[in-house]
>>> print(open('query-v4.cif').read())   # mmCIF, C-alpha atoms and all ligand atoms
data_upload
loop_
_atom_site.label_atom_id
_atom_site.label_comp_id
_atom_site.auth_asym_id
_atom_site.auth_seq_id
_atom_site.Cartn_x
_atom_site.Cartn_y
_atom_site.Cartn_z
CA MET A 241 86.99 218.04 -83.15
CA ALA A 242 84.48 215.11 -83.28
CA GLU A 243 82.70 214.52 -86.59
CA GLU A 244 78.85 214.88 -86.66
CA PRO A 245 77.10 211.49 -87.09
CA LYS A 246 75.58 211.02 -90.53
CA GLU A 247 71.76 210.60 -90.79
CA SER A 248 70.75 207.10 -92.00
CA GLY A 249 67.81 208.29 -94.12
CA GLN A 250 65.79 211.26 -95.04
CA ALA A 251 63.56 212.57 -92.21
CA LYS A 252 59.81 212.49 -93.01
CA PRO A 253 57.94 215.71 -92.85
CA GLY A 254 56.31 216.15 -89.40
CA PHE A 255 52.71 215.64 -90.58
CA GLN A 256 53.54 212.14 -92.03
CA ASN A 257 54.71 210.56 -88.76
CA PRO A 258 51.20 209.92 -87.27
CA VAL A 259 50.03 208.50 -90.62
CA ALA A 260 52.97 206.06 -90.69
CA GLY A 261 51.95 204.90 -87.20
CA PHE A 262 48.35 204.24 -88.32
CA GLY A 263 49.72 202.20 -91.23
CA VAL A 264 50.55 199.42 -88.78
CA THR A 265 46.99 199.57 -87.42
CA PHE A 266 45.40 199.43 -90.88
CA LYS A 267 47.55 196.45 -91.87
CA ALA A 268 46.51 194.54 -88.72
CA MET A 269 42.79 195.27 -89.41
CA PHE A 270 42.80 193.09 -92.50
CA LYS A 271 44.76 190.16 -91.07
CA LYS A 272 43.02 186.91 -90.01
CA ARG A 273 42.02 187.11 -86.33
CA LEU A 274 43.86 184.72 -83.97
CA THR A 275 41.75 185.42 -80.88
CA GLU A 276 40.57 182.22 -79.17
CA GLN A 277 37.24 182.33 -77.31
CA TYR A 278 38.63 180.46 -74.30
CA PRO A 279 37.14 179.17 -72.02
CA GLU A 280 33.81 179.16 -73.92
CA GLN A 281 35.44 177.38 -76.87
CA GLN A 282 38.09 174.83 -75.91
CA LYS A 283 40.85 174.17 -78.41
CA THR A 284 41.68 170.53 -79.09
CA THR A 285 45.19 169.72 -77.93
CA ALA A 286 47.73 167.69 -79.89
CA PRO A 287 47.39 163.92 -79.33
CA ARG A 288 50.68 163.73 -77.40
CA PHE A 289 50.11 166.94 -75.44
CA HIS A 290 51.76 166.95 -71.99
CA GLY A 291 48.95 167.66 -69.54
CA ARG A 292 47.99 166.53 -66.06
CA HIS A 293 49.39 163.15 -65.00
CA GLN A 294 47.41 159.98 -64.42
CA LEU A 295 48.22 156.88 -62.36
CA ASN A 296 46.96 153.93 -64.34
CA ARG A 297 45.33 150.67 -63.29
CA HIS A 298 45.47 147.10 -64.54
CA PRO A 299 42.29 145.83 -66.26
CA ASP A 300 40.99 144.36 -62.98
CA GLY A 301 41.45 147.65 -61.09
CA LEU A 302 44.75 146.90 -59.30
CA GLU A 303 47.24 149.78 -59.49
CA LYS A 304 50.24 149.71 -61.83
CA CYS A 305 52.41 151.87 -59.56
CA VAL A 306 54.90 149.82 -57.52
CA GLY A 307 56.17 152.74 -55.44
CA CYS A 308 59.71 152.52 -56.84
CA GLU A 309 60.25 156.33 -56.84
CA LEU A 310 62.05 156.30 -60.20
CA CYS A 311 59.72 159.05 -61.43
CA ALA A 312 60.61 161.21 -58.44
CA TRP A 313 64.35 160.73 -59.04
CA ALA A 314 63.97 161.56 -62.74
CA CYS A 315 62.06 164.79 -62.10
CA PRO A 316 64.27 167.86 -62.69
CA ALA A 317 61.89 170.08 -60.72
CA ASP A 318 61.61 167.88 -57.62
CA ALA A 319 57.85 167.94 -58.07
CA ILE A 320 57.03 164.30 -57.21
CA TYR A 321 56.83 162.73 -53.77
CA VAL A 322 56.37 158.95 -53.44
CA GLU A 323 56.22 156.64 -50.45
CA GLY A 324 56.05 152.92 -51.22
CA ALA A 325 54.66 150.22 -48.94
CA ASP A 326 54.27 146.43 -48.90
CA ASN A 327 51.09 144.76 -50.12
CA THR A 328 49.56 142.08 -47.93
CA GLU A 329 47.06 139.38 -48.90
CA GLU A 330 44.50 141.18 -46.72
CA GLU A 331 45.13 144.58 -48.30
CA ARG A 332 46.48 144.47 -51.85
CA TYR A 333 46.77 147.52 -54.13
CA SER A 334 49.03 146.14 -56.90
CA PRO A 335 49.82 142.63 -58.16
CA GLY A 336 53.44 142.59 -56.92
CA GLU A 337 55.24 143.09 -53.65
CA ARG A 338 55.04 146.90 -53.34
CA TYR A 339 52.65 149.71 -54.16
CA GLY A 340 52.62 153.50 -54.00
CA ARG A 341 51.08 154.30 -50.61
CA VAL A 342 51.60 158.06 -50.96
CA TYR A 343 51.88 159.75 -54.34
CA GLN A 344 51.89 163.51 -54.87
CA ILE A 345 52.72 165.83 -57.77
CA ASN A 346 53.24 169.52 -57.04
CA TYR A 347 51.96 171.47 -60.05
CA ALA A 348 53.46 174.68 -58.69
CA ARG A 349 56.83 173.09 -59.56
CA CYS A 350 56.03 170.74 -62.47
CA ILE A 351 57.15 171.97 -65.90
CA LEU A 352 55.27 169.17 -67.69
CA CYS A 353 58.46 167.92 -69.34
CA GLY A 354 57.43 164.24 -69.27
CA LEU A 355 60.74 162.86 -67.95
CA CYS A 356 58.87 161.12 -65.13
CA ILE A 357 56.69 159.11 -67.50
CA GLU A 358 59.77 158.05 -69.44
CA ALA A 359 61.36 156.82 -66.21
CA CYS A 360 58.35 154.78 -65.03
CA PRO A 361 59.10 151.06 -65.56
CA THR A 362 55.48 149.89 -65.35
CA ARG A 363 53.69 152.55 -67.46
CA ALA A 364 51.85 153.41 -64.28
CA LEU A 365 52.39 157.10 -64.92
CA THR A 366 51.21 158.77 -68.11
CA MET A 367 50.04 162.25 -69.05
CA THR A 368 46.54 163.31 -70.07
CA ASN A 369 45.42 166.18 -72.30
CA GLU A 370 44.00 168.14 -69.37
CA PHE A 371 45.69 171.53 -69.05
CA GLU A 372 43.40 173.54 -66.75
CA LEU A 373 45.64 173.34 -63.70
CA ALA A 374 45.61 176.95 -62.47
CA ASP A 375 44.59 177.60 -58.87
CA SER A 376 44.88 180.45 -56.41
CA SER A 377 46.22 178.22 -53.63
CA ARG A 378 49.62 176.50 -53.53
CA ALA A 379 48.18 173.71 -51.40
CA ASN A 380 45.54 172.95 -54.05
CA LEU A 381 48.29 172.56 -56.65
CA ILE A 382 49.65 169.51 -54.83
CA TYR A 383 47.67 166.66 -56.39
CA THR A 384 47.31 163.54 -54.27
CA LYS A 385 47.20 159.90 -55.31
CA GLU A 386 43.40 159.93 -55.01
CA GLN A 387 43.22 162.81 -57.52
CA LEU A 388 45.74 161.27 -59.92
CA LEU A 389 44.48 157.68 -59.88
CA ALA A 390 42.56 156.65 -63.01
CA GLY A 391 38.82 156.06 -62.65
CA LEU A 392 37.23 152.62 -62.68
CA GLU A 393 36.23 151.16 -66.03
CA ASP A 394 34.03 148.15 -66.84
CA GLY A 395 35.42 144.96 -65.30
CA MET A 396 37.44 146.79 -62.63
CA VAL A 397 37.06 146.66 -58.84
CA ASP A 398 38.46 149.44 -56.68
CA THR A 399 41.58 148.74 -54.61
CA PRO A 400 42.46 147.11 -52.33
CA HIS A 401 41.45 143.68 -53.63
CA ALA A 402 42.93 140.23 -54.17
CA ILE A 403 45.09 139.34 -57.17
CA PHE A 404 43.35 137.37 -59.94
CA PRO A 405 43.42 133.76 -58.68
CA GLY A 406 46.09 131.60 -60.30
CA THR A 407 48.15 134.52 -61.62
CA ASP A 408 51.26 136.38 -60.57
CA GLU A 409 52.60 139.87 -61.26
CA GLN A 410 54.22 138.81 -64.55
CA ASP A 411 50.87 137.59 -65.90
CA TYR A 412 49.49 141.11 -65.47
CA TYR A 413 52.30 142.57 -67.58
CA ARG A 414 51.84 139.84 -70.19
CA GLY A 415 48.24 141.04 -70.59
CA LEU A 416 46.75 137.77 -69.33
CA VAL A 417 44.35 139.48 -66.93
CA SER A 418 41.63 141.38 -68.76
CA GLU A 419 39.10 141.94 -65.96
CA ALA A 420 38.49 141.29 -62.27
CA ALA A 421 37.75 137.67 -61.33
CA PRO A 422 34.05 136.98 -60.68
CA GLY A 423 33.24 137.61 -57.03
CA THR A 424 36.17 139.99 -56.49
CA VAL A 425 35.30 142.54 -53.82
CA ARG A 426 37.09 145.46 -52.29
CA GLN A 427 39.13 144.58 -49.20
CA VAL A 428 39.22 146.61 -46.01
CA ALA A 429 41.77 149.45 -46.29
CA VAL A 430 43.00 149.11 -42.70
CA SER A 431 46.08 151.26 -43.45
CA LYS A 432 43.71 154.11 -44.31
CA GLY A 433 41.82 153.74 -41.05
CA GLU A 434 38.84 151.79 -42.39
CA GLU A 435 37.00 149.54 -39.95
CA PRO A 436 36.27 145.95 -41.08
CA GLU A 437 32.53 146.25 -40.36
CA GLU A 438 32.29 149.49 -42.30
CA ALA A 439 33.83 147.97 -45.42
CA ALA A 440 31.76 144.80 -45.12
CA ALA A 441 28.58 146.85 -44.92
CA THR A 442 29.42 148.80 -48.08
CA THR A 443 30.78 145.92 -50.17
CA GLY A 444 29.17 142.74 -48.83
CA ALA A 445 32.69 141.24 -48.66
CA GLN A 446 33.28 137.69 -49.82
CA GLU A 447 36.23 135.75 -51.21
CA PRO A 448 36.74 135.93 -54.99
CA ALA A 449 35.92 132.77 -56.91
CA SER A 450 38.92 130.90 -58.32
CA ARG A 451 38.90 130.30 -62.07
CA GLU A 452 41.18 130.18 -65.07
CA VAL A 453 42.83 133.40 -66.21
CA THR A 454 41.00 135.22 -69.00
CA GLY A 455 42.96 135.27 -72.24
CA ARG A 456 45.39 132.46 -71.36
S1 LIG A 501 56.52 166.33 -66.03
FE1 LIG A 501 58.69 166.85 -65.60
S2 LIG A 501 58.60 168.43 -64.02
FE2 LIG A 501 56.56 167.48 -64.08
S3 LIG A 501 56.62 165.89 -62.51
FE3 LIG A 501 57.23 164.89 -64.44
S4 LIG A 501 59.48 165.03 -64.53
FE4 LIG A 501 58.76 166.47 -62.94
S1 LIG A 502 54.68 156.01 -61.05
FE1 LIG A 502 56.12 154.51 -61.96
S2 LIG A 502 58.17 155.32 -61.53
FE2 LIG A 502 56.76 156.40 -60.17
S3 LIG A 502 56.77 155.23 -58.26
FE3 LIG A 502 55.08 154.44 -59.50
S4 LIG A 502 55.94 152.71 -60.65
FE4 LIG A 502 57.68 153.89 -59.87
#
>>> encode(input="query-v4.cif", output="structure tokens", more="lines below")
Ligand code: SF4
Ligand code: SF4
Amino acid sequence: MAEEPKESGQAKPGFQNPVAGFGVTFKAMFKKRLTEQYPEQQKTTAPRFHGRHQLNRHPDGLEKCVGCELCAWACPADAIYVEGADNTEEERYSPGERYGRVYQINYARCILCGLCIEACPTRALTMTNEFELADSSRANLIYTKEQLLAGLEDGMVDTPHAIFPGTDEQDYYRGLVSEAAPGTVRQVAVSKGEEPEEAAATTGAQEPASREVTGR
């Protein structure tokens, strides 16, 4: 005949069981509150927090991305889509031969691991501290190049535009170009369907003045 299992401890009298349960509640009442008043009060993230990506520019506004797709190959979640294209003298987006014509990151897939930014050879791709990426639409979670491209700072001209006169791609990576050359204007983005007259009307297009490279 099977032996009866032994009881591990003494059973509490029935009336003590609810009191024991409230003990947990009373203990929690005197602990420091951890509730965060988000979104009214935003918490500061760690300096190296992995948030939304950014496609960076050179100091004159040209894009650092060369459309090499290394970030897309490094991504374990297959979240990045890149299509490269050739620059021309009439429509230049980056100092070298190629640029990223199409660039998309799908935040429905991205796990914000940062492997893509490690793979990028030009430091074109970095991550910001922005973490508010939720959306109710899958389509809205696919960020385009226009959304990811860094804004224009002082001394920058929006792409496409000519390379700083007298420099080559290597000079950009050596830090020899610190701003757009005087007279630099935005070129006509024919590949995006812009008409020459339209661009000329908005920019007053003229050739950039040639001069020595800043910081040489
Ligand atoms: S952070 Fe990670 S998952 Fe997100 S795009 Fe980059 S490599 Fe892919
Ligand atoms: S972001 Fe960097 S790795 Fe990705 S395509 Fe552009 S240059 Fe290449």
>>> residues_near_ligand(input="query-v4.cif", ligand="ligand LIG 501 (chain A)", cutoff="8 Å", atoms="all atoms listed in the file", output="PDB file with C-alpha atoms, in the coordinates of the input")
ATOM      1  CA  HIS A 290      51.760 166.950 -71.990  1.00  0.00           C
ATOM      2  CA  HIS A 293      49.390 163.150 -65.000  1.00  0.00           C
ATOM      3  CA  CYS A 311      59.720 159.050 -61.430  1.00  0.00           C
ATOM      4  CA  ALA A 312      60.610 161.210 -58.440  1.00  0.00           C
ATOM      5  CA  ALA A 314      63.970 161.560 -62.740  1.00  0.00           C
ATOM      6  CA  CYS A 315      62.060 164.790 -62.100  1.00  0.00           C
ATOM      7  CA  PRO A 316      64.270 167.860 -62.690  1.00  0.00           C
ATOM      8  CA  ALA A 317      61.890 170.080 -60.720  1.00  0.00           C
ATOM      9  CA  ASP A 318      61.610 167.880 -57.620  1.00  0.00           C
ATOM     10  CA  ALA A 319      57.850 167.940 -58.070  1.00  0.00           C
ATOM     11  CA  ILE A 320      57.030 164.300 -57.210  1.00  0.00           C
ATOM     12  CA  ILE A 345      52.720 165.830 -57.770  1.00  0.00           C
ATOM     13  CA  ASN A 346      53.240 169.520 -57.040  1.00  0.00           C
ATOM     14  CA  TYR A 347      51.960 171.470 -60.050  1.00  0.00           C
ATOM     15  CA  ARG A 349      56.830 173.090 -59.560  1.00  0.00           C
ATOM     16  CA  CYS A 350      56.030 170.740 -62.470  1.00  0.00           C
ATOM     17  CA  ILE A 351      57.150 171.970 -65.900  1.00  0.00           C
ATOM     18  CA  LEU A 352      55.270 169.170 -67.690  1.00  0.00           C
ATOM     19  CA  CYS A 353      58.460 167.920 -69.340  1.00  0.00           C
ATOM     20  CA  GLY A 354      57.430 164.240 -69.270  1.00  0.00           C
ATOM     21  CA  LEU A 355      60.740 162.860 -67.950  1.00  0.00           C
ATOM     22  CA  CYS A 356      58.870 161.120 -65.130  1.00  0.00           C
ATOM     23  CA  ILE A 357      56.690 159.110 -67.500  1.00  0.00           C
TER      24      ILE A 357
END
>>> residues_near_ligand(input="query-v4.cif", ligand="ligand LIG 502 (chain A)", cutoff="7 Å", atoms="only C-alpha atoms and all ligand atoms", output="list of chain:residue names")
A:Leu295, A:Lys304, A:Cys305, A:Val306, A:Gly307, A:Cys308, A:Glu309, A:Leu310, A:Cys311, A:Ala312, A:Val322, A:Gly340, A:Cys356, A:Ala359, A:Cys360, A:Pro361, A:Thr362, A:Arg363, A:Ala364, A:Leu365
>>> closest_residue(input="query-v4.cif", among="A:Lys283, A:Lys385, A:Arg378, A:Lys267", to="Asn296 in chain A", atoms="all atoms listed in the file")
A:Lys385
>>> closest_residue(input="query-v4.cif", among="A:Thr275, A:Thr399, A:Gln294, A:Ser334", to="Tyr383 in chain A", atoms="all atoms listed in the file")
A:Gln294
>>> atom_distance(input="query-v4.cif", atom1="CA of Val430 in chain A", atom2="CA of Thr366 in chain A")
28.4 Å
>>> residues_around(input="query-v4.cif", residues="range 373-377 of chain A", least_positions_apart="6", cutoff="10 Å", atoms="all atoms listed in the file", output="list in words")
Gly291, Arg292, Tyr347 and Ala348 of chain A
>>> atom_distance(input="query-v4.cif", atom1="CA of Ala429 in chain A", atom2="CA of Asn327 in chain A")
11.1 Å
